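As provided, entry-v9.pdb (PDB, C-alpha atoms and all ligand atoms) reads as follows.
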```pdb
ATOM      1  CA  MET A1193       0.000   0.000   0.000
ATOM      2  CA  LEU A1194       2.720   2.443   1.026
ATOM      3  CA  ASP A1195       4.675   1.689  -2.132
ATOM      4  CA  THR A1196       1.920   3.165  -4.265
ATOM      5  CA  VAL A1197       2.245   6.602  -2.647
ATOM      6  CA  GLU A1198       3.315   9.129  -5.240
ATOM      7  CA  ARG A1199       6.750  10.473  -4.538
ATOM      8  CA  PRO A1200       7.528  14.175  -4.175
ATOM      9  CA  GLN A1201       8.516  15.908  -7.400
ATOM     10  CA  THR A1202      11.606  17.395  -5.782
ATOM     11  CA  GLU A1203      14.077  16.357  -3.097
ATOM     12  CA  LEU A1204      14.193  12.923  -4.702
ATOM     13  CA  GLU A1205      17.695  12.382  -3.490
ATOM     14  CA  ASP A1206      16.291  12.471   0.026
ATOM     15  CA  GLN A1207      13.558   9.937  -0.552
ATOM     16  CA  GLN A1208      15.055   7.305   1.683
ATOM     17  CA  TYR A1209      15.666   9.805   4.452
ATOM     18  CA  ILE A1210      12.104  11.153   4.276
ATOM     19  CA  ASP A1211      10.622   7.658   4.422
ATOM     20  CA  GLY A1212      12.882   6.781   7.343
ATOM     21  CA  VAL A1213      11.870   9.873   9.315
ATOM     22  CA  ILE A1214       8.175   9.212   8.707
ATOM     23  CA  ALA A1215       8.556   5.586   9.763
ATOM     24  CA  GLU A1216      10.380   6.645  12.930
ATOM     25  CA  PHE A1217       8.030   9.362  14.132
ATOM     26  CA  ALA A1218       4.605   8.894  12.529
ATOM     27  CA  GLU A1219       3.166   6.909  15.435
ATOM     28  CA  LYS A1220       4.778   8.904  18.234
ATOM     29  CA  PRO A1221       3.074  11.692  20.210
ATOM     30  CA  GLY A1222       4.065  14.989  18.598
ATOM     31  CA  GLY A1223       5.409  12.959  15.710
ATOM     32  CA  LEU A1224       4.298  15.359  13.018
ATOM     33  CA  LEU A1225       6.315  18.172  14.573
ATOM     34  CA  SER A1226       9.397  15.956  14.731
ATOM     35  CA  ILE A1227       8.937  14.863  11.123
ATOM     36  CA  LEU A1228       8.675  18.439   9.871
ATOM     37  CA  GLU A1229      11.604  19.581  12.001
ATOM     38  CA  ARG A1230      13.873  16.904  10.652
ATOM     39  CA  LEU A1231      12.850  17.357   7.057
ATOM     40  CA  GLN A1232      13.425  21.098   7.244
ATOM     41  CA  GLU A1233      16.778  20.641   8.947
ATOM     42  CA  ARG A1234      17.824  18.223   6.226
ATOM     43  CA  ASN A1235      16.820  20.499   3.374
ATOM     44  CA  ARG A1236      19.709  22.466   1.924
ATOM     45  CA  HIS A1237      17.677  25.680   1.978
ATOM     46  CA  LYS A1238      16.075  24.936   5.339
ATOM     47  CA  TYR A1239      12.483  24.900   4.222
ATOM     48  CA  LEU A1240       9.523  22.597   3.683
ATOM     49  CA  SER A1241       8.497  22.486   0.061
ATOM     50  CA  GLU A1242       4.894  22.013  -1.016
ATOM     51  CA  ASP A1243       5.820  18.663  -2.566
ATOM     52  CA  VAL A1244       7.321  17.414   0.675
ATOM     53  CA  LEU A1245       4.307  18.539   2.730
ATOM     54  CA  LYS A1246       1.949  16.792   0.308
ATOM     55  CA  TYR A1247       4.050  13.658   0.469
ATOM     56  CA  VAL A1248       4.057  13.673   4.277
ATOM     57  CA  ALA A1249       0.269  14.072   4.213
ATOM     58  CA  ARG A1250      -0.144  11.083   1.918
ATOM     59  CA  ARG A1251       2.266   8.869   3.800
ATOM     60  CA  THR A1252       0.988   9.692   7.285
ATOM     61  CA  GLY A1253      -2.708  10.119   6.496
ATOM     62  CA  VAL A1254      -2.680  13.499   8.261
ATOM     63  CA  PRO A1255      -4.786  15.995   6.274
ATOM     64  CA  LEU A1256      -2.678  18.467   4.309
ATOM     65  CA  SER A1257      -4.613  21.365   5.879
ATOM     66  CA  ARG A1258      -3.499  20.242   9.339
ATOM     67  CA  ILE A1259       0.105  19.903   8.204
ATOM     68  CA  TYR A1260      -0.013  23.433   6.823
ATOM     69  CA  SER A1261      -1.545  24.784  10.013
ATOM     70  CA  VAL A1262       1.318  23.256  12.029
ATOM     71  CA  ALA A1263       3.956  24.501   9.565
ATOM     72  CA  THR A1264       2.565  28.044   9.623
ATOM     73  CA  PHE A1265       1.874  28.186  13.393
ATOM     74  CA  TYR A1266       5.479  27.624  14.452
ATOM     75  CA  SER A1267       7.725  30.452  13.358
ATOM     76  CA  PHE A1268      10.757  28.187  12.987
ATOM     77  CA  PHE A1269       9.220  26.447  10.006
ATOM     78  CA  ASN A1270       9.909  27.990   6.610
ATOM     79  CA  LEU A1271       7.774  27.463   3.551
ATOM     80  CA  GLU A1272      10.186  29.314   1.274
ATOM     81  CA  PRO A1273      13.850  28.514   0.539
ATOM     82  CA  GLN A1274      16.178  30.233   2.990
ATOM     83  CA  GLY A1275      19.576  31.718   2.331
ATOM     84  CA  ASP A1276      22.803  30.016   3.369
ATOM     85  CA  HIS A1277      23.134  32.694   6.072
ATOM     86  CA  THR A1278      20.361  34.177   8.179
ATOM     87  CA  VAL A1279      20.303  37.651   9.674
ATOM     88  CA  CYS A1280      17.429  37.841  12.145
ATOM     89  CA  ILE A1281      16.618  41.250  13.587
ATOM     90  CA  CYS A1282      14.432  41.708  16.639
ATOM     91  CA  ARG A1283      11.542  44.107  16.099
ATOM     92  CA  GLY A1284      10.191  43.964  19.648
ATOM     93  CA  THR A1285       9.500  47.149  21.599
ATOM     94  CA  ALA A1286      12.820  47.332  23.456
ATOM     95  CA  CYS A1287      14.832  46.725  20.292
ATOM     96  CA  HIS A1288      12.671  49.082  18.262
ATOM     97  CA  ALA A1289      13.290  51.840  20.825
ATOM     98  CA  ARG A1290      17.012  51.265  20.413
ATOM     99  CA  GLY A1291      17.164  51.436  16.654
ATOM    100  CA  SER A1292      16.279  48.021  15.263
ATOM    101  CA  ARG A1293      14.378  49.574  12.365
ATOM    102  CA  ASP A1294      17.603  51.219  11.150
ATOM    103  CA  LEU A1295      19.467  47.929  11.560
ATOM    104  CA  LEU A1296      16.834  46.212   9.461
ATOM    105  CA  ASN A1297      16.817  48.851   6.740
ATOM    106  CA  ASN A1298      20.582  48.913   6.670
ATOM    107  CA  SER A1299      20.839  45.142   6.331
ATOM    108  CA  LYS A1300      18.329  45.157   3.496
ATOM    109  CA  LEU A1301      20.260  47.903   1.764
ATOM    110  CA  MET A1302      23.571  46.156   2.247
ATOM    111  CA  LEU A1303      22.267  42.890   0.796
ATOM    112  CA  GLY A1304      20.343  44.481  -2.055
ATOM    113  CA  LEU A1305      16.963  43.564  -0.582
ATOM    114  CA  HIS A1306      15.654  47.101  -0.152
ATOM    115  CA  GLU A1307      13.555  46.951  -3.291
ATOM    116  CA  GLN A1308      11.904  43.655  -2.480
ATOM    117  CA  GLU A1309       8.291  43.878  -1.426
ATOM    118  CA  ASP A1310       7.856  42.856   2.192
ATOM    119  CA  GLY A1311       4.167  43.655   2.364
ATOM    120  CA  GLY A1312       4.729  45.655   5.529
ATOM    121  CA  ALA A1313       4.150  42.484   7.526
ATOM    122  CA  ASP A1314       5.390  42.233  11.104
ATOM    123  CA  LYS A1315       7.064  38.970  10.267
ATOM    124  CA  LEU A1316       9.419  39.694   7.441
ATOM    125  CA  SER A1317      11.545  37.180   5.553
ATOM    126  CA  LEU A1318      13.486  38.221   2.463
ATOM    127  CA  THR A1319      16.063  36.136   0.628
ATOM    128  CA  THR A1320      18.658  37.343  -1.845
ATOM    129  CA  PRO A1321      18.201  35.974  -5.389
ATOM    130  CA  ASP A1322      21.444  33.977  -5.067
ATOM    131  CA  LYS A1323      20.028  32.365  -1.877
ATOM    132  CA  LYS A1324      23.043  33.461   0.066
ATOM    133  CA  PHE A1325      21.324  35.571   2.745
ATOM    134  CA  THR A1326      17.903  35.684   4.337
ATOM    135  CA  VAL A1327      16.925  38.703   6.420
ATOM    136  CA  ARG A1328      14.146  37.985   8.890
ATOM    137  CA  THR A1329      12.505  39.645  11.822
ATOM    138  CA  VAL A1330      11.405  38.208  15.134
ATOM    139  CA  ALA A1331       9.000  39.586  17.766
ATOM    140  CA  CYS A1332      11.425  39.191  20.702
ATOM    141  CA  PHE A1333      14.461  37.075  21.483
ATOM    142  CA  GLY A1334      13.771  37.318  25.207
ATOM    143  CA  GLN A1335      17.045  39.246  25.627
ATOM    144  CA  CYS A1336      15.574  42.730  25.886
ATOM    145  CA  ALA A1337      18.263  43.973  28.289
ATOM    146  CA  LEU A1338      20.719  43.593  25.398
ATOM    147  CA  ALA A1339      18.608  45.558  22.906
ATOM    148  CA  PRO A1340      18.945  45.928  20.038
ATOM    149  CA  VAL A1341      19.473  42.228  19.463
ATOM    150  CA  VAL A1342      20.402  40.558  16.184
ATOM    151  CA  GLU A1343      21.025  36.883  15.480
ATOM    152  CA  VAL A1344      23.336  35.920  12.635
ATOM    153  CA  ASP A1345      23.614  32.238  11.779
ATOM    154  CA  ARG A1346      22.191  31.327  15.208
ATOM    155  CA  LYS A1347      24.666  33.469  17.110
ATOM    156  CA  ILE A1348      23.103  36.225  19.217
ATOM    157  CA  TYR A1349      24.648  39.721  19.202
ATOM    158  CA  GLY A1350      23.466  42.241  21.788
ATOM    159  CA  ARG A1351      23.690  46.059  21.746
ATOM    160  CA  MET A1352      24.206  45.871  18.013
ATOM    161  CA  ASN A1353      24.891  48.912  15.878
ATOM    162  CA  GLU A1354      25.009  49.396  12.118
ATOM    163  CA  ARG A1355      28.801  49.347  11.886
ATOM    164  CA  GLU A1356      29.123  46.117  13.868
ATOM    165  CA  LEU A1357      26.333  44.445  11.951
ATOM    166  CA  ARG A1358      28.007  45.318   8.668
ATOM    167  CA  LYS A1359      31.218  43.737   9.963
ATOM    168  CA  VAL A1360      29.423  40.552  11.043
ATOM    169  CA  ILE A1361      27.645  40.231   7.691
ATOM    170  CA  ASP A1362      30.913  40.847   5.817
ATOM    171  CA  LYS A1363      32.607  38.198   7.913
ATOM    172  CA  VAL A1364      30.025  35.451   7.295
ATOM    173  CA  ASP A1365      29.933  36.406   3.620
ATOM    174  CA  ARG A1366      33.713  36.028   3.332
ATOM    175  CA  LYS A1367      33.595  32.748   5.238
ATOM    176  CA  GLY A1368      30.947  31.477   2.819
ATOM    177  CA  LYS A1369      33.148  32.338  -0.156
ATOM    178  CA  GLN A1370      36.107  30.455   1.322
ATOM    179  CA  SER A1371      34.162  27.257   1.988
TER     180      SER A1371
HETATM  181  S1  LIG A1401      12.429  43.236  22.255
HETATM  182 FE1  LIG A1401      14.239  42.589  21.304
HETATM  183  S2  LIG A1401      14.960  41.002  22.570
HETATM  184 FE2  LIG A1401      13.074  41.564  23.450
END
```
Exercise: express the given structure as structure tokens:
Amino acid sequence: MLDTVERPQTELEDQQYIDGVIAEFAEKPGGLLSILERLQERNRHKYLSEDVLKYVARRTGVPLSRIYSVATFYSFFNLEPQGDHTVCICRGTACHARGSRDLLNNSKLMLGLHEQEDGGADKLSLTTPDKKFTVRTVACFGQCALAPVVEVDRKIYGRMNERELRKVIDKVDRKGKQS
């Protein structure tokens, strides 16, 4: 029965891994969350494609609408390809009061994202066309005493300013070119 399930159009190289993850977690409490987490982590661009979500729905029997509601409820899930590097800028009140809007605008300008439409949404996520950088916002890192707070590639930087942020972005960009 399972063998007749249509395979995702993309990520074919990961077919075995996807099947293994589903087999491991499908019957466990909170299994869907674990499945999605692992599949996103495995994806080169750290996102869950439509094809993969549909495939998970078919294999697990969980309605696609429920899978989407889980994937959109948790902010750590991405439904669009992410850049190799992530610059996440806090837009909470404390960080806003200490200049996070300028940090955000400056990062967008520096990475050539200033002309991309962000829809004015609170939760912003923009990725450079070469998929090298994603600039995102977050509501609060829970580190308000260090405002303004920025996270670059999962490393938190407190009391950030535009000059320092430029240096950090330059550094990860150079590192990316070397690897
Ligand atoms: S408001 Fe930015 S860390 Fe809390």
If you apply the PyMOL selection byres (((chain A and resi 1321) around 12) and not hetatm) to this file, what residues do you get, as a short mmCIF file (atom, residue, chain, number, x, y, z; two decimals) with C-alpha atoms, in the coordinates of the input?
```cif
data_model
loop_
_atom_site.label_atom_id
_atom_site.label_comp_id
_atom_site.auth_asym_id
_atom_site.auth_seq_id
_atom_site.Cartn_x
_atom_site.Cartn_y
_atom_site.Cartn_z
CA PRO A 1273 13.85 28.51 0.54
CA GLN A 1274 16.18 30.23 2.99
CA GLY A 1275 19.58 31.72 2.33
CA ASP A 1276 22.80 30.02 3.37
CA LEU A 1303 22.27 42.89 0.80
CA GLY A 1304 20.34 44.48 -2.06
CA LEU A 1305 16.96 43.56 -0.58
CA GLN A 1308 11.90 43.66 -2.48
CA LEU A 1318 13.49 38.22 2.46
CA THR A 1319 16.06 36.14 0.63
CA THR A 1320 18.66 37.34 -1.84
CA ASP A 1322 21.44 33.98 -5.07
CA LYS A 1323 20.03 32.36 -1.88
CA LYS A 1324 23.04 33.46 0.07
CA PHE A 1325 21.32 35.57 2.74
CA THR A 1326 17.90 35.68 4.34
#
```
I'd like a table as a tab-separated table: residues in chain A with an atom no more than 8 Å from ligand LIG 1401 (chain A), each row giving the shortest atom pair and its distance in Å to one decimal, all atoms listed in the file counted, sorted by chain and rising residue number.
```
residue	atom	partner	partner_atom	distance
A:Cys1282	CA	A:LIG1401	FE1	4.8
A:Arg1283	CA	A:LIG1401	FE1	6.1
A:Gly1284	CA	A:LIG1401	S1	3.5
A:Thr1285	CA	A:LIG1401	S1	4.9
A:Ala1286	CA	A:LIG1401	S1	4.3
A:Cys1287	CA	A:LIG1401	FE1	4.3
A:His1288	CA	A:LIG1401	S1	7.1
A:Ala1331	CA	A:LIG1401	S1	6.7
A:Cys1332	CA	A:LIG1401	FE2	4.0
A:Phe1333	CA	A:LIG1401	S2	4.1
A:Gly1334	CA	A:LIG1401	FE2	4.6
A:Gln1335	CA	A:LIG1401	S2	4.1
A:Cys1336	CA	A:LIG1401	FE2	3.7
A:Ala1337	CA	A:LIG1401	S2	7.2
A:Leu1338	CA	A:LIG1401	S2	6.9
A:Ala1339	CA	A:LIG1401	FE1	5.5
A:Pro1340	CA	A:LIG1401	FE1	5.9
A:Val1341	CA	A:LIG1401	FE1	5.6
```
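Checking A:Thr1264, A:Leu1271, A:Arg1293, A:Ile1214 one by one against Lys1238 (chain A), counting all atoms listed in the file, you find the shortest gap at A:Leu1271.
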Exercise. Which residues come within 12 Å of Arg1234 (chain A), counting only C-alpha atoms, excluding same-chain residues fewer than 3 positions away, as number ranges by chain?
Worked result: A: 1203, 1205-1207, 1209-1210, 1213, 1227-1231, 1237-1241, 1244
Problem set entry | Distance in Å - CA of Arg1290 (chain A) versus CA of Phe1269 (chain A) |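 Between CA of Arg1290 (chain A) and CA of Phe1269 (chain A) the gap is 28.0 Å.
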Give me the region 1285-1312 of chain A side of the contact with region 1361-1366 of chain A, cut-off 12 Å, one line per residue showing its nearest atom pair and distance in Å at one decimal, counting only C-alpha atoms, sorted by chain and residue number, as CSV.
```
residue,atom,partner,partner_atom,distance
A:Leu1295,CA,A:Ile1361,CA,11.9
A:Asn1298,CA,A:Ile1361,CA,11.2
A:Ser1299,CA,A:Ile1361,CA,8.5
A:Lys1300,CA,A:Ile1361,CA,11.3
A:Met1302,CA,A:Ile1361,CA,9.0
A:Leu1303,CA,A:Ile1361,CA,9.1
```
Restricting the output to C-alpha atoms, write the selected residues as a short mmCIF file (atom, residue, chain, number, x, y, z; two decimals), keeping the file's coordinate frame.
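Result saved to part_18.cif:
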```cif
data_model
loop_
_atom_site.label_atom_id
_atom_site.label_comp_id
_atom_site.auth_asym_id
_atom_site.auth_seq_id
_atom_site.Cartn_x
_atom_site.Cartn_y
_atom_site.Cartn_z
CA LEU A 1295 19.47 47.93 11.56
CA ASN A 1298 20.58 48.91 6.67
CA SER A 1299 20.84 45.14 6.33
CA LYS A 1300 18.33 45.16 3.50
CA MET A 1302 23.57 46.16 2.25
CA LEU A 1303 22.27 42.89 0.80
#
```
Name every residue that the PyMOL selection byres (((chain A and resi 1278) around 6) and not hetatm) selects in this structure, writing the answer as a compact mmCIF listing (two decimals) with C-alpha atoms, in the coordinates of the input with chains first and numbers rising.
```txt
# COMPACT_ATOMS: atom_id res chain seq x y z
CA HIS A 1277 23.13 32.69 6.07
CA VAL A 1279 20.30 37.65 9.67
CA PHE A 1325 21.32 35.57 2.74
CA THR A 1326 17.90 35.68 4.34
CA VAL A 1327 16.92 38.70 6.42
CA VAL A 1344 23.34 35.92 12.64
CA ASP A 1345 23.61 32.24 11.78
```
Problem set entry | Distance in Å - CA of Val1248 (chain A) versus CA of Asn1270 (chain A) | 15.6 Å
For this session: Would you please work out which residue, of A:Val1330, A:Leu1296, A:Val1262, A:Leu1357, is nearest to Leu1245 (chain A) when using only C-alpha atoms?
Result: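 The answer is A:Val1262, which sits nearest to Leu1245 (chain A).
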Seminar exercise, completed: Between CA of Ser1292 (chain A) and CA of Lys1367 (chain A) lies a distance of 25.2 Å
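Considering the residues A:Leu1256, A:Cys1280, A:Ala1263, A:Met1352 and counting only C-alpha atoms, Ser1226 (chain A) has its shortest atom-to-atom contact with A:Ala1263.
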Listed atoms of region 1240-1250 of chain A, axis-aligned box, 5 Å per side: centre and edge lengths to one decimal in Å, as lines of an AutoDock Vina configuration file?
```
center_x = 4.7
center_y = 16.8
center_z = 0.9
size_x = 19.7
size_y = 21.5
size_z = 16.8
```
Can you complete the atoms of region 1269-1282 of chain A to N, CA and C atoms and list them as a PDB file, in the coordinates of the input?
```
ATOM      1  N   PHE A1269       9.375  27.136  11.281  1.00  0.00           N
ATOM      2  CA  PHE A1269       9.220  26.447  10.006  1.00  0.00           C
ATOM      3  C   PHE A1269       9.195  27.462   8.868  1.00  0.00           C
ATOM      4  N   ASN A1270       9.872  27.119   7.782  1.00  0.00           N
ATOM      5  CA  ASN A1270       9.909  27.990   6.610  1.00  0.00           C
ATOM      6  C   ASN A1270       9.239  27.289   5.443  1.00  0.00           C
ATOM      7  N   LEU A1271       8.424  28.039   4.731  1.00  0.00           N
ATOM      8  CA  LEU A1271       7.774  27.463   3.551  1.00  0.00           C
ATOM      9  C   LEU A1271       8.420  27.978   2.268  1.00  0.00           C
ATOM     10  N   GLU A1272       9.436  28.805   2.429  1.00  0.00           N
ATOM     11  CA  GLU A1272      10.186  29.314   1.274  1.00  0.00           C
ATOM     12  C   GLU A1272      11.662  28.994   1.493  1.00  0.00           C
ATOM     13  N   PRO A1273      12.415  28.792   0.390  1.00  0.00           N
ATOM     14  CA  PRO A1273      13.850  28.514   0.539  1.00  0.00           C
ATOM     15  C   PRO A1273      14.556  29.646   1.296  1.00  0.00           C
ATOM     16  N   GLN A1274      15.435  29.251   2.205  1.00  0.00           N
ATOM     17  CA  GLN A1274      16.178  30.233   2.990  1.00  0.00           C
ATOM     18  C   GLN A1274      17.598  30.370   2.467  1.00  0.00           C
ATOM     19  N   GLY A1275      18.198  31.503   2.755  1.00  0.00           N
ATOM     20  CA  GLY A1275      19.576  31.718   2.331  1.00  0.00           C
ATOM     21  C   GLY A1275      20.548  30.862   3.141  1.00  0.00           C
ATOM     22  N   ASP A1276      21.781  30.775   2.642  1.00  0.00           N
ATOM     23  CA  ASP A1276      22.803  30.016   3.369  1.00  0.00           C
ATOM     24  C   ASP A1276      23.067  30.646   4.738  1.00  0.00           C
ATOM     25  N   HIS A1277      22.926  31.973   4.810  1.00  0.00           N
ATOM     26  CA  HIS A1277      23.134  32.694   6.072  1.00  0.00           C
ATOM     27  C   HIS A1277      21.856  33.440   6.432  1.00  0.00           C
ATOM     28  N   THR A1278      21.582  33.488   7.731  1.00  0.00           N
ATOM     29  CA  THR A1278      20.361  34.177   8.179  1.00  0.00           C
ATOM     30  C   THR A1278      20.714  35.328   9.116  1.00  0.00           C
ATOM     31  N   VAL A1279      20.167  36.485   8.804  1.00  0.00           N
ATOM     32  CA  VAL A1279      20.303  37.651   9.674  1.00  0.00           C
ATOM     33  C   VAL A1279      18.911  37.912  10.242  1.00  0.00           C
ATOM     34  N   CYS A1280      18.754  37.703  11.539  1.00  0.00           N
ATOM     35  CA  CYS A1280      17.429  37.841  12.145  1.00  0.00           C
ATOM     36  C   CYS A1280      17.452  39.035  13.109  1.00  0.00           C
ATOM     37  N   ILE A1281      16.604  40.001  12.833  1.00  0.00           N
ATOM     38  CA  ILE A1281      16.618  41.250  13.587  1.00  0.00           C
ATOM     39  C   ILE A1281      15.366  41.352  14.450  1.00  0.00           C
ATOM     40  N   CYS A1282      15.566  41.612  15.730  1.00  0.00           N
ATOM     41  CA  CYS A1282      14.432  41.708  16.639  1.00  0.00           C
ATOM     42  C   CYS A1282      13.681  43.020  16.406  1.00  0.00           C
TER      43      CYS A1282
END
```
